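File shown here: final12.csv, holding CSV, C-alpha atoms.
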```csv
chain,number,residue,atom,x,y,z
A,1,TYR,CA,-119.4,-10.9,148.8
A,2,SER,CA,-118.5,-12.9,151.8
A,3,ALA,CA,-119.2,-16.3,153.5
A,4,PRO,CA,-118.5,-17.0,157.2
A,5,SER,CA,-116.5,-19.9,158.5
A,6,PHE,CA,-116.4,-20.5,162.2
A,7,ASP,CA,-113.4,-22.8,162.0
A,8,ASP,CA,-111.1,-20.6,160.0
A,9,SER,CA,-112.3,-17.2,158.7
A,10,ASP,CA,-109.3,-17.0,156.3
A,11,GLY,CA,-109.9,-20.4,154.8
A,12,VAL,CA,-112.9,-19.5,152.7
A,13,TRP,CA,-112.6,-19.9,148.9
A,14,PHE,CA,-114.9,-18.4,146.3
A,15,GLN,CA,-115.9,-19.1,142.8
A,16,VAL,CA,-117.9,-16.7,140.6
A,17,ARG,CA,-119.6,-16.5,137.2
A,18,LEU,CA,-121.3,-13.6,135.4
A,19,GLU,CA,-123.9,-15.1,133.1
A,20,GLY,CA,-124.0,-13.1,129.9
A,21,ASN,CA,-120.2,-12.4,130.1
A,22,ASP,CA,-118.3,-15.4,131.5
A,23,ALA,CA,-118.3,-18.7,129.6
A,24,ASP,CA,-117.7,-20.7,132.8
A,25,TRP,CA,-117.0,-20.5,136.5
A,26,SER,CA,-113.8,-18.8,137.6
A,27,GLU,CA,-111.0,-20.6,139.4
A,28,TRP,CA,-111.3,-21.0,143.2
A,29,ASN,CA,-109.6,-18.2,145.0
A,30,THR,CA,-109.8,-16.2,148.3
A,31,GLU,CA,-110.6,-12.8,146.8
A,32,ASP,CA,-114.0,-11.5,148.1
A,33,TYR,CA,-114.6,-9.2,145.1
A,34,LYS,CA,-114.8,-9.2,141.3
A,35,ASP,CA,-114.4,-6.3,138.9
A,36,TYR,CA,-116.0,-6.1,135.5
A,37,SER,CA,-115.5,-3.2,133.1
A,38,ASN,CA,-116.7,-2.4,129.6
A,39,LEU,CA,-119.9,-4.5,129.9
A,40,PHE,CA,-122.2,-4.1,126.9
A,41,GLU,CA,-125.8,-3.3,127.4
A,42,GLY,CA,-128.0,-6.2,128.4
A,43,ASN,CA,-129.2,-8.4,131.2
A,44,TYR,CA,-126.7,-10.2,133.5
A,45,ARG,CA,-126.8,-12.6,136.5
A,46,PHE,CA,-123.9,-12.6,138.9
A,47,ARG,CA,-123.5,-16.0,140.7
A,48,VAL,CA,-121.1,-16.8,143.6
A,49,ARG,CA,-120.5,-19.8,145.7
A,50,ALA,CA,-118.0,-20.6,148.5
A,51,LYS,CA,-116.3,-23.6,150.2
A,52,ASN,CA,-114.2,-24.0,153.3
A,53,LEU,CA,-111.0,-25.9,153.9
A,54,TYR,CA,-112.8,-29.1,154.2
A,55,GLY,CA,-114.4,-28.7,150.7
A,56,THR,CA,-117.9,-28.0,152.0
A,57,LEU,CA,-119.8,-26.0,149.5
A,58,SER,CA,-122.1,-23.2,150.5
A,59,GLU,CA,-125.4,-22.4,148.9
A,60,GLU,CA,-125.1,-20.4,145.7
A,61,ALA,CA,-126.0,-16.7,145.9
A,62,ALA,CA,-127.1,-14.7,142.8
A,63,PHE,CA,-127.7,-11.1,141.8
A,64,SER,CA,-129.4,-10.0,138.6
A,65,PHE,CA,-129.0,-6.6,137.0
A,66,SER,CA,-129.2,-4.8,133.7
A,67,VAL,CA,-126.8,-2.5,131.9
A,68,ARG,CA,-128.3,0.3,129.8
A,69,PRO,CA,-126.7,1.3,126.6
A,70,PRO,CA,-124.8,4.6,126.3
A,71,TRP,CA,-126.6,7.4,124.6
A,72,TYR,CA,-124.7,6.9,121.3
A,73,ARG,CA,-126.0,3.3,121.0
A,74,THR,CA,-129.7,4.1,121.8
A,75,LEU,CA,-132.5,3.8,119.3
A,76,THR,CA,-132.7,7.6,119.2
A,77,ALA,CA,-129.0,7.8,118.4
A,78,TYR,CA,-129.4,5.3,115.6
A,79,LEU,CA,-132.3,7.2,114.1
A,80,THR,CA,-130.2,10.4,114.3
A,81,TYR,CA,-127.4,8.6,112.5
A,82,LEU,CA,-129.8,7.5,109.8
A,83,LEU,CA,-131.1,11.0,109.3
A,84,ILE,CA,-127.6,12.4,109.1
A,85,VAL,CA,-126.5,9.8,106.5
A,86,ALA,CA,-129.7,10.4,104.5
A,87,GLY,CA,-129.0,14.1,104.6
A,88,LEU,CA,-125.5,13.7,103.5
A,89,ALA,CA,-126.6,11.3,100.7
A,90,TRP,CA,-129.2,13.9,99.6
A,91,ALA,CA,-126.7,16.7,99.7
A,92,GLY,CA,-124.2,14.6,97.7
A,93,LEU,CA,-126.9,13.7,95.1
A,94,ARG,CA,-127.8,17.4,94.7
A,95,TRP,CA,-124.1,18.3,94.3
A,96,ARG,CA,-123.6,15.5,91.8
A,97,LEU,CA,-126.7,16.6,89.8
A,98,LYS,CA,-125.5,20.2,89.8
A,99,ARG,CA,-122.0,19.1,88.7
A,100,LEU,CA,-123.5,17.0,85.9
A,101,GLN,CA,-125.6,20.0,84.8
A,102,VAL,CA,-122.5,22.2,84.6
A,103,GLN,CA,-120.6,19.4,82.7
A,104,ARG,CA,-123.6,19.1,80.4
A,105,GLN,CA,-123.5,22.8,79.6
A,106,VAL,CA,-119.7,22.8,79.1
A,107,LEU,CA,-120.0,19.7,76.9
A,108,GLN,CA,-122.9,21.3,74.9
A,109,ARG,CA,-120.7,24.3,74.2
A,110,MET,CA,-117.8,21.9,73.2
A,111,VAL,CA,-120.1,19.9,70.9
A,112,ASP,CA,-121.4,23.1,69.2
A,113,GLU,CA,-117.9,24.5,68.7
A,114,GLN,CA,-116.5,21.2,67.4
A,115,THR,CA,-119.5,20.8,65.1
A,116,ALA,CA,-119.0,24.2,63.7
A,117,GLU,CA,-115.2,23.6,63.2
A,118,LEU,CA,-115.8,20.2,61.6
A,119,THR,CA,-118.4,21.7,59.3
A,120,THR,CA,-116.0,24.4,58.2
A,121,ALA,CA,-113.1,21.9,57.8
A,122,LYS,CA,-115.3,19.6,55.8
A,123,GLN,CA,-116.5,22.4,53.5
A,124,SER,CA,-112.9,23.6,53.1
A,125,ALA,CA,-111.7,20.1,52.3
A,126,GLU,CA,-114.5,19.6,49.8
A,127,ALA,CA,-113.7,22.9,48.2
A,128,THR,CA,-110.0,22.0,48.0
A,129,LEU,CA,-110.8,18.6,46.5
A,130,ALA,CA,-113.1,20.2,43.9
A,131,TYR,CA,-110.4,22.8,43.1
A,132,LEU,CA,-107.8,20.1,42.6
A,133,GLN,CA,-110.1,18.0,40.4
A,134,SER,CA,-110.9,21.1,38.3
A,135,ALA,CA,-107.2,22.0,38.1
A,136,LYS,CA,-106.3,18.5,37.0
A,137,ALA,CA,-109.0,18.5,34.3
A,138,GLN,CA,-107.8,21.9,32.9
A,139,LEU,CA,-104.1,21.3,33.1
A,140,VAL,CA,-104.1,17.8,31.7
A,141,HIS,CA,-106.0,19.1,28.6
A,142,SER,CA,-103.8,22.0,28.2
A,143,GLU,CA,-101.1,21.4,25.6
A,144,LYS,CA,-98.9,24.3,26.7
A,145,MET,CA,-99.0,23.1,30.4
A,146,ALA,CA,-98.8,19.3,29.7
A,147,SER,CA,-95.9,18.7,32.1
A,148,LEU,CA,-97.5,20.7,34.9
A,149,GLY,CA,-100.8,19.0,34.2
A,150,GLN,CA,-99.2,15.6,34.8
A,151,LEU,CA,-97.7,16.9,38.0
A,152,VAL,CA,-101.1,18.2,39.3
A,153,ALA,CA,-102.7,14.9,38.2
A,154,GLY,CA,-100.3,12.9,40.3
A,155,VAL,CA,-100.6,15.2,43.3
A,156,SER,CA,-104.4,15.2,43.0
A,157,HIS,CA,-104.4,11.4,42.9
A,158,GLU,CA,-102.2,11.3,46.1
A,159,VAL,CA,-104.5,14.0,47.8
A,160,ASN,CA,-107.7,11.9,47.3
A,161,THR,CA,-106.7,9.4,49.9
A,162,PRO,CA,-105.9,11.8,52.9
A,163,LEU,CA,-108.8,14.0,52.0
A,164,GLY,CA,-111.1,11.0,51.8
A,165,ILE,CA,-110.0,9.8,55.2
A,166,ALA,CA,-110.4,13.4,56.7
A,167,LEU,CA,-113.9,13.6,55.2
A,168,THR,CA,-114.9,10.2,56.6
A,169,ALA,CA,-113.5,11.1,60.1
A,170,SER,CA,-115.2,14.5,60.1
A,171,SER,CA,-118.5,13.0,59.1
A,172,HIS,CA,-118.2,10.3,61.7
A,173,LEU,CA,-117.4,12.8,64.4
A,174,GLU,CA,-120.2,15.1,63.3
A,175,ASP,CA,-122.7,12.2,63.5
A,176,SER,CA,-121.3,11.3,67.0
A,177,SER,CA,-121.6,14.9,68.1
A,178,LYS,CA,-125.2,15.1,66.9
A,179,ALA,CA,-126.0,11.8,68.7
A,180,LEU,CA,-124.4,13.2,71.9
A,181,LYS,CA,-126.3,16.4,71.6
A,182,LYS,CA,-129.5,14.4,71.3
A,183,ASN,CA,-128.6,12.3,74.4
A,184,LEU,CA,-127.8,15.5,76.3
A,185,ALA,CA,-131.3,16.7,75.7
A,186,LEU,CA,-132.7,13.5,77.1
A,187,GLY,CA,-130.9,13.7,80.4
A,188,PRO,CA,-127.5,13.5,82.2
A,189,LEU,CA,-124.7,11.6,80.4
A,190,SER,CA,-122.9,8.7,82.1
A,191,GLU,CA,-119.2,9.1,82.7
A,192,GLN,CA,-118.5,6.2,80.3
A,193,ALA,CA,-120.4,7.9,77.5
A,194,LEU,CA,-118.6,11.2,78.1
A,195,THR,CA,-115.2,9.5,78.1
A,196,SER,CA,-116.0,7.5,75.0
A,197,TYR,CA,-117.0,10.7,73.1
A,198,VAL,CA,-113.9,12.6,74.3
A,199,ASP,CA,-111.7,9.7,73.1
A,200,LEU,CA,-113.5,9.6,69.8
A,201,ALA,CA,-113.3,13.3,69.3
A,202,SER,CA,-109.6,13.3,70.2
A,203,GLU,CA,-108.8,10.4,67.8
A,204,SER,CA,-110.9,11.9,65.0
A,205,SER,CA,-109.5,15.4,65.4
A,206,ALA,CA,-106.0,14.0,65.3
A,207,MET,CA,-106.8,11.9,62.2
A,208,ILE,CA,-108.4,14.9,60.4
A,209,GLN,CA,-105.5,17.2,61.2
A,210,ARG,CA,-102.9,14.6,60.2
A,211,ASN,CA,-104.6,13.9,56.9
A,212,VAL,CA,-105.4,17.5,56.1
A,213,LEU,CA,-101.8,18.4,56.8
A,214,ARG,CA,-100.7,15.5,54.5
A,215,ALA,CA,-103.0,16.7,51.8
A,216,ALA,CA,-101.8,20.3,52.2
A,217,GLY,CA,-98.2,19.1,51.9
A,218,LEU,CA,-99.0,17.3,48.7
A,219,VAL,CA,-100.7,20.4,47.3
A,220,GLN,CA,-97.5,22.3,48.0
A,221,SER,CA,-95.7,19.8,45.8
A,222,LEU,CA,-96.0,22.3,42.9
A,223,LYS,CA,-94.1,24.9,44.9
A,224,GLN,CA,-91.7,22.3,46.2
A,225,VAL,CA,-90.7,21.2,42.7
A,226,SER,CA,-89.9,24.8,41.8
A,227,VAL,CA,-88.2,25.2,45.2
A,228,ASP,CA,-89.7,28.4,46.3
A,229,ARG,CA,-87.5,29.3,49.3
A,230,SER,CA,-90.1,31.5,50.8
A,231,SER,CA,-92.7,28.8,51.2
A,232,ASP,CA,-91.2,27.2,54.3
A,233,GLY,CA,-90.2,28.5,57.7
A,234,HIS,CA,-86.6,28.7,58.5
A,235,ARG,CA,-85.6,27.9,62.1
A,236,SER,CA,-83.2,26.0,64.4
A,237,PHE,CA,-84.3,22.6,65.7
A,238,ASP,CA,-83.0,19.4,67.4
A,239,VAL,CA,-82.6,16.7,64.8
A,240,LYS,CA,-83.5,13.8,67.1
A,241,GLU,CA,-86.7,15.4,68.4
A,242,PHE,CA,-87.6,16.4,64.9
A,243,LEU,CA,-87.2,12.8,63.5
A,244,ASP,CA,-89.1,11.3,66.5
A,245,ASP,CA,-92.0,13.7,66.0
A,246,LEU,CA,-92.0,13.0,62.2
A,247,LEU,CA,-92.2,9.2,62.8
A,248,ARG,CA,-95.0,9.6,65.3
A,249,SER,CA,-97.0,11.8,62.9
A,250,THR,CA,-96.5,9.4,59.9
A,251,ALA,CA,-96.9,6.1,61.8
A,252,SER,CA,-100.3,5.5,60.0
A,253,LEU,CA,-98.3,4.8,56.8
A,254,TRP,CA,-97.0,1.5,58.2
A,255,LYS,CA,-99.4,0.9,61.1
A,256,ASN,CA,-101.0,-2.2,59.6
A,257,ARG,CA,-97.9,-3.6,58.0
A,258,PRO,CA,-95.1,-5.9,59.4
A,259,VAL,CA,-92.6,-3.1,58.9
A,260,GLU,CA,-90.5,-1.6,61.7
A,261,VAL,CA,-89.4,2.0,61.3
A,262,GLY,CA,-86.9,3.5,63.8
A,263,VAL,CA,-84.6,6.4,64.4
A,264,ASP,CA,-80.9,6.3,65.3
A,265,CYS,CA,-79.7,9.7,66.2
A,266,ALA,CA,-77.8,11.2,69.1
A,267,SER,CA,-79.4,13.9,71.2
A,268,GLY,CA,-78.1,17.4,71.0
A,269,ILE,CA,-77.5,17.7,67.2
A,270,THR,CA,-79.0,21.0,66.1
A,271,ILE,CA,-79.4,22.2,62.6
A,272,ASP,CA,-80.6,25.6,61.3
A,273,SER,CA,-82.6,24.8,58.2
A,274,PHE,CA,-86.1,24.3,56.8
A,275,PRO,CA,-87.9,21.6,58.9
A,276,GLY,CA,-90.8,21.4,56.5
A,277,ALA,CA,-88.7,20.6,53.5
A,278,LEU,CA,-86.5,18.1,55.4
A,279,GLY,CA,-89.6,16.4,56.8
A,280,GLN,CA,-91.0,16.1,53.2
A,281,VAL,CA,-87.7,14.5,52.1
A,282,VAL,CA,-87.6,11.9,54.9
A,283,THR,CA,-91.3,11.1,54.4
A,284,ASN,CA,-90.8,10.6,50.7
A,285,PHE,CA,-88.0,8.2,51.5
A,286,ILE,CA,-90.2,6.2,53.9
A,287,GLN,CA,-93.1,6.1,51.4
A,288,ASN,CA,-90.8,5.0,48.6
A,289,ALA,CA,-89.5,2.1,50.8
A,290,LEU,CA,-93.0,1.1,51.8
A,291,LEU,CA,-94.2,1.0,48.2
A,292,HIS,CA,-91.2,-0.6,46.5
A,293,ALA,CA,-89.1,-2.4,49.0
A,294,PHE,CA,-91.7,-4.6,50.8
A,295,GLU,CA,-94.1,-6.1,48.3
A,296,GLY,CA,-96.8,-8.5,49.1
A,297,GLY,CA,-96.9,-7.8,52.8
A,298,LYS,CA,-93.3,-8.7,53.3
A,299,SER,CA,-91.9,-7.8,56.7
A,300,GLY,CA,-88.8,-5.6,57.1
A,301,ARG,CA,-87.1,-2.7,58.7
A,302,ILE,CA,-86.5,0.9,57.8
A,303,ARG,CA,-83.9,2.8,59.8
A,304,ILE,CA,-83.5,6.6,59.7
A,305,THR,CA,-79.9,7.5,60.8
A,306,ALA,CA,-78.5,11.0,61.4
A,307,SER,CA,-75.0,12.0,62.6
A,308,LEU,CA,-72.5,14.8,62.2
A,309,SER,CA,-70.2,14.8,59.2
A,310,GLY,CA,-67.3,17.0,60.1
A,311,LYS,CA,-68.0,20.3,61.9
A,312,ASP,CA,-70.4,21.8,59.4
A,313,HIS,CA,-72.6,19.1,57.9
A,314,LEU,CA,-75.3,16.6,58.8
A,315,LEU,CA,-75.3,13.1,57.3
A,316,LEU,CA,-78.8,11.6,57.2
A,317,SER,CA,-79.7,8.3,55.7
A,318,CYS,CA,-82.8,6.1,55.1
A,319,GLU,CA,-81.9,2.5,54.8
A,320,ASP,CA,-84.2,-0.5,54.3
A,321,ASP,CA,-83.6,-4.3,54.0
A,322,GLY,CA,-86.1,-4.8,51.2
A,323,CYS,CA,-85.9,-6.1,47.7
A,324,GLY,CA,-83.5,-3.5,46.4
A,325,ILE,CA,-83.3,-1.6,43.1
A,326,ALA,CA,-82.1,-3.1,39.8
A,327,PRO,CA,-78.7,-1.6,38.8
A,328,GLU,CA,-80.1,-0.4,35.4
A,329,LEU,CA,-82.8,1.7,37.2
A,330,LEU,CA,-80.6,3.5,39.8
A,331,GLY,CA,-79.8,6.3,37.3
A,332,GLN,CA,-83.5,7.1,36.8
A,333,VAL,CA,-84.9,7.0,40.4
A,334,PHE,CA,-84.7,10.8,40.7
A,335,GLU,CA,-86.3,11.6,37.4
A,336,PRO,CA,-89.8,13.1,37.4
A,337,PHE,CA,-92.7,10.7,36.8
A,338,PHE,CA,-90.4,7.7,36.7
A,339,THR,CA,-92.0,4.8,38.7
A,340,THR,CA,-92.4,1.0,38.4
A,341,LYS,CA,-95.6,1.1,40.5
A,342,ARG,CA,-97.9,3.4,38.5
A,343,ASN,CA,-100.7,0.9,38.6
A,344,GLN,CA,-100.3,0.6,42.4
A,345,GLY,CA,-100.6,4.3,43.2
A,346,GLY,CA,-97.0,5.4,42.3
A,347,THR,CA,-96.7,8.9,40.7
A,348,GLY,CA,-93.0,9.1,40.1
A,349,LEU,CA,-92.8,12.4,42.0
A,350,GLY,CA,-91.6,11.4,45.5
A,351,LEU,CA,-87.9,11.0,44.9
A,352,TYR,CA,-87.9,13.8,42.3
A,353,ILE,CA,-89.3,16.2,44.9
A,354,ALA,CA,-86.8,14.9,47.5
A,355,PHE,CA,-84.0,15.5,45.1
A,356,ASN,CA,-85.0,19.1,44.3
A,357,LEU,CA,-85.7,20.0,48.0
A,358,THR,CA,-82.3,18.5,49.1
A,359,THR,CA,-80.1,20.0,46.4
A,360,GLN,CA,-81.7,23.4,46.1
A,361,LYS,CA,-83.7,24.4,49.1
A,362,LEU,CA,-81.7,22.6,51.7
A,363,GLY,CA,-78.4,23.2,50.0
A,364,GLY,CA,-77.2,19.6,50.2
A,365,THR,CA,-76.4,16.5,48.2
A,366,ILE,CA,-78.2,13.3,47.7
A,367,ASP,CA,-77.2,9.8,46.5
A,368,VAL,CA,-78.5,6.2,46.6
A,369,GLU,CA,-77.0,2.8,46.9
A,370,SER,CA,-78.8,-0.5,46.4
A,371,THR,CA,-78.2,-4.2,46.1
A,372,LEU,CA,-80.9,-6.6,44.8
A,373,GLY,CA,-82.3,-8.7,47.5
A,374,LYS,CA,-80.5,-6.8,50.3
A,375,GLY,CA,-81.9,-3.4,50.4
A,376,THR,CA,-81.5,0.3,49.5
A,377,CYS,CA,-80.0,3.3,51.2
A,378,PHE,CA,-80.7,7.0,50.4
A,379,ARG,CA,-78.2,9.5,51.9
A,380,ILE,CA,-78.3,13.2,52.1
A,381,LYS,CA,-75.6,15.6,53.3
A,382,LEU,CA,-76.8,18.9,54.5
A,383,PRO,CA,-75.1,22.0,55.9
A,384,LEU,CA,-75.8,22.6,59.6
A,385,VAL,CA,-76.7,26.2,58.8
A,386,VAL,CA,-78.7,27.0,55.7
A,387,PRO,CA,-78.9,30.6,54.6
A,388,ASN,CA,-82.4,32.2,54.5
```

Translate the structure of the given file into structure tokens.
Amino acid sequence: YSAPSFDDSDGVWFQVRLEGNDADWSEWNTEDYKDYSNLFEGNYRFRVRAKNLYGTLSEEAAFSFSVRPPWYRTLTAYLTYLLIVAGLAWAGLRWRLKRLQVQRQVLQRMVDEQTAELTTAKQSAEATLAYLQSAKAQLVHSEKMASLGQLVAGVSHEVNTPLGIALTASSHLEDSSKALKKNLALGPLSEQALTSYVDLASESSAMIQRNVLRAAGLVQSLKQVSVDRSSDGHRSFDVKEFLDDLLRSTASLWKNRPVEVGVDCASGITIDSFPGALGQVVTNFIQNALLHAFEGGKSGRIRITASLSGKDHLLLSCEDDGCGIAPELLGQVFEPFFTTKRNQGGTGLGLYIAFNLTTQKLGGTIDVESTLGKGTCFRIKLPLVVPN
């Protein structure tokens, strides 16, 4: 743009404004051009005015023009984008539906397999319970087998609880599996429903396994009393890892009680022995403390400690800070069927089994110390290598 000045051609000043882009007029300057870049599509009006050295303003000049949008911002382009997005959404939906169908088939197979396994486990548990009840009835009424009958009666009494829990858990999981199977027939499952079922199945399976193993261990009490050395696997194992795993597997015994159970054992201590028998001994110590040391919901602490004793032996103790044992009863705690809690579920077999397993199968020694009102400590000393 330009504006003539007959007095002084170099003394012309300009001011411009692009309506639709500039908020206000520009500053006065002598430039006779104006560059604009990156203008969005739309209608614009370019206005320019001039003045000379004396401040005389010229008439305003204006130029209107339009900027068309680039191809990627046209209506056609937006429609194309919409179609692409819709296509991708449809493809994603088809992929998701196909994946859900595959998951549904896999889950259906899992439900069928677990239902079959639970049915078998339930039938086996019912058969075992029926067998124990029958054995109890026969042995208790057998005069020649009176002592063994009392033992089976005690074991059967103890077995009822874990088997009852296992049966309840298996029935609950079986019902949940049937409900899930029914929901699968109605349509795809939500991720939340699938996750809830998997969590339930995992928890129930663990509960069934834990309690069936506990019941099986109690059934083996008959063999443990006679200390059949061939009934338990002999292997080398790390004592700390063994004790940590044992406490995790038996945590349900004190889960809802204000009792803390912990392990104090250095890493790297290895023993070549019978882990099943040793686990039974430690478990019996814990159960004995829970039943006798902390009455009436009393809080307390049970500490399992293991350390080397010389070069060839392991010293393992189970100490509690409970009510303690009366001095006149200390000499009877390892006798069979001796208990002060028979009306509360005590059978008098736990410490007797622990004594026999320790002294005969594990080749060690066992003793007990107790002070009324301060607690009790059971100690066992075992060889690091037990012969097969």

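The two atoms in question, CA of Ser176 (chain A) and CA of Gln209 (chain A), are spaced 17.8 Å apart.
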
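Among A:Gln133, A:Gln108, A:Asn160, A:Asn52, the residue with the shortest atom-to-atom distance to Lys182 (chain A), counting all atoms listed in the file, is A:Gln108.
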
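One finds CA of Pro188 (chain A) at 9.1 Å from CA of Gln103 (chain A).
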
Against region 204-208 of chain A, which residues of region 21-126 of chain A fall within 10 Å? For each one I want the closest pair of atoms and the distance in Å (one decimal), counting only C-alpha atoms, rows by chain and increasing residue number, as CSV.
```
residue,atom,partner,partner_atom,distance
A:Gln114,CA,A:Ser205,CA,9.3
A:Leu118,CA,A:Ser205,CA,8.8
A:Ala121,CA,A:Ile208,CA,8.8
A:Lys122,CA,A:Ile208,CA,9.5
```

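When only C-alpha atoms are used to compute distances to Ser273 (chain A), the closest of the residues A:Leu384, A:Leu184, A:Thr305, A:Ser202 turns out to be A:Leu384.
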
Spatial neighbours of Gly324 (chain A), 7 Å, all atoms listed in the file, chain gap at least 5 places, as an MDAnalysis selection string: chainID A and resid 293 370:376

Taking the structure in the block just given, could you write region 250-257 of chain A with all heavy atoms, as a PDB file, in the first residue's frame?
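Result file is result06.pdb:
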```
ATOM      1  N   THR A 250      -0.746 -72.017  58.909  1.00  0.00           N
ATOM      2  CA  THR A 250      -1.563 -72.237  60.115  1.00  0.00           C
ATOM      3  C   THR A 250      -2.092 -70.942  60.710  1.00  0.00           C
ATOM      4  O   THR A 250      -2.600 -70.949  61.828  1.00  0.00           O
ATOM      5  CB  THR A 250      -0.726 -72.979  61.185  1.00  0.00           C
ATOM      6  OG1 THR A 250       0.450 -72.205  61.485  1.00  0.00           O
ATOM      7  CG2 THR A 250      -0.321 -74.358  60.699  1.00  0.00           C
ATOM      8  N   ALA A 251      -1.977 -69.835  59.964  1.00  0.00           N
ATOM      9  CA  ALA A 251      -2.371 -68.530  60.507  1.00  0.00           C
ATOM     10  C   ALA A 251      -3.847 -68.474  60.885  1.00  0.00           C
ATOM     11  O   ALA A 251      -4.241 -67.671  61.731  1.00  0.00           O
ATOM     12  CB  ALA A 251      -2.042 -67.423  59.507  1.00  0.00           C
ATOM     13  N   SER A 252      -4.670 -69.334  60.265  1.00  0.00           N
ATOM     14  CA  SER A 252      -6.102 -69.306  60.592  1.00  0.00           C
ATOM     15  C   SER A 252      -6.369 -69.696  62.038  1.00  0.00           C
ATOM     16  O   SER A 252      -7.436 -69.407  62.582  1.00  0.00           O
ATOM     17  CB  SER A 252      -6.863 -70.249  59.650  1.00  0.00           C
ATOM     18  OG  SER A 252      -6.379 -71.578  59.785  1.00  0.00           O
ATOM     19  N   LEU A 253      -5.418 -70.384  62.692  1.00  0.00           N
ATOM     20  CA  LEU A 253      -5.628 -70.810  64.078  1.00  0.00           C
ATOM     21  C   LEU A 253      -5.768 -69.620  65.016  1.00  0.00           C
ATOM     22  O   LEU A 253      -6.498 -69.686  66.007  1.00  0.00           O
ATOM     23  CB  LEU A 253      -4.453 -71.691  64.536  1.00  0.00           C
ATOM     24  CG  LEU A 253      -4.276 -73.031  63.808  1.00  0.00           C
ATOM     25  CD1 LEU A 253      -3.016 -73.727  64.306  1.00  0.00           C
ATOM     26  CD2 LEU A 253      -5.493 -73.912  64.019  1.00  0.00           C
ATOM     27  N   TRP A 254      -5.043 -68.521  64.719  1.00  0.00           N
ATOM     28  CA  TRP A 254      -5.102 -67.345  65.607  1.00  0.00           C
ATOM     29  C   TRP A 254      -5.547 -66.088  64.863  1.00  0.00           C
ATOM     30  O   TRP A 254      -5.377 -64.981  65.344  1.00  0.00           O
ATOM     31  CB  TRP A 254      -3.723 -67.105  66.239  1.00  0.00           C
ATOM     32  CG  TRP A 254      -2.629 -66.816  65.243  1.00  0.00           C
ATOM     33  CD1 TRP A 254      -2.273 -65.602  64.722  1.00  0.00           C
ATOM     34  CD2 TRP A 254      -1.744 -67.768  64.634  1.00  0.00           C
ATOM     35  NE1 TRP A 254      -1.237 -65.738  63.830  1.00  0.00           N
ATOM     36  CE2 TRP A 254      -0.880 -67.055  63.766  1.00  0.00           C
ATOM     37  CE3 TRP A 254      -1.587 -69.144  64.734  1.00  0.00           C
ATOM     38  CZ2 TRP A 254       0.115 -67.688  63.010  1.00  0.00           C
ATOM     39  CZ3 TRP A 254      -0.606 -69.764  63.981  1.00  0.00           C
ATOM     40  CH2 TRP A 254       0.223 -69.046  63.139  1.00  0.00           C
ATOM     41  N   LYS A 255      -6.124 -66.254  63.688  1.00  0.00           N
ATOM     42  CA  LYS A 255      -6.482 -65.116  62.845  1.00  0.00           C
ATOM     43  C   LYS A 255      -7.387 -64.121  63.556  1.00  0.00           C
ATOM     44  O   LYS A 255      -7.206 -62.912  63.458  1.00  0.00           O
ATOM     45  CB  LYS A 255      -7.145 -65.623  61.557  1.00  0.00           C
ATOM     46  CG  LYS A 255      -7.544 -64.523  60.600  1.00  0.00           C
ATOM     47  CD  LYS A 255      -8.154 -65.105  59.339  1.00  0.00           C
ATOM     48  CE  LYS A 255      -8.550 -64.010  58.369  1.00  0.00           C
ATOM     49  NZ  LYS A 255      -9.176 -64.566  57.139  1.00  0.00           N
ATOM     50  N   ASN A 256      -8.379 -64.610  64.259  1.00  0.00           N
ATOM     51  CA  ASN A 256      -9.366 -63.727  64.895  1.00  0.00           C
ATOM     52  C   ASN A 256      -9.104 -63.559  66.394  1.00  0.00           C
ATOM     53  O   ASN A 256     -10.025 -63.248  67.152  1.00  0.00           O
ATOM     54  CB  ASN A 256     -10.775 -64.271  64.656  1.00  0.00           C
ATOM     55  CG  ASN A 256     -11.136 -64.307  63.188  1.00  0.00           C
ATOM     56  OD1 ASN A 256     -10.819 -63.369  62.458  1.00  0.00           O
ATOM     57  ND2 ASN A 256     -11.793 -65.367  62.749  1.00  0.00           N
ATOM     58  N   ARG A 257      -7.870 -63.782  66.823  1.00  0.00           N
ATOM     59  CA  ARG A 257      -7.540 -63.635  68.237  1.00  0.00           C
ATOM     60  C   ARG A 257      -6.419 -62.619  68.407  1.00  0.00           C
ATOM     61  O   ARG A 257      -5.567 -62.464  67.520  1.00  0.00           O
ATOM     62  CB  ARG A 257      -7.115 -64.995  68.808  1.00  0.00           C
ATOM     63  CG  ARG A 257      -8.222 -66.047  68.746  1.00  0.00           C
ATOM     64  CD  ARG A 257      -7.777 -67.343  69.398  1.00  0.00           C
ATOM     65  NE  ARG A 257      -7.411 -67.160  70.799  1.00  0.00           N
ATOM     66  CZ  ARG A 257      -7.057 -68.153  71.601  1.00  0.00           C
ATOM     67  NH1 ARG A 257      -7.035 -69.398  71.141  1.00  0.00           N
ATOM     68  NH2 ARG A 257      -6.726 -67.912  72.856  1.00  0.00           N
TER      69      ARG A 257
END
```
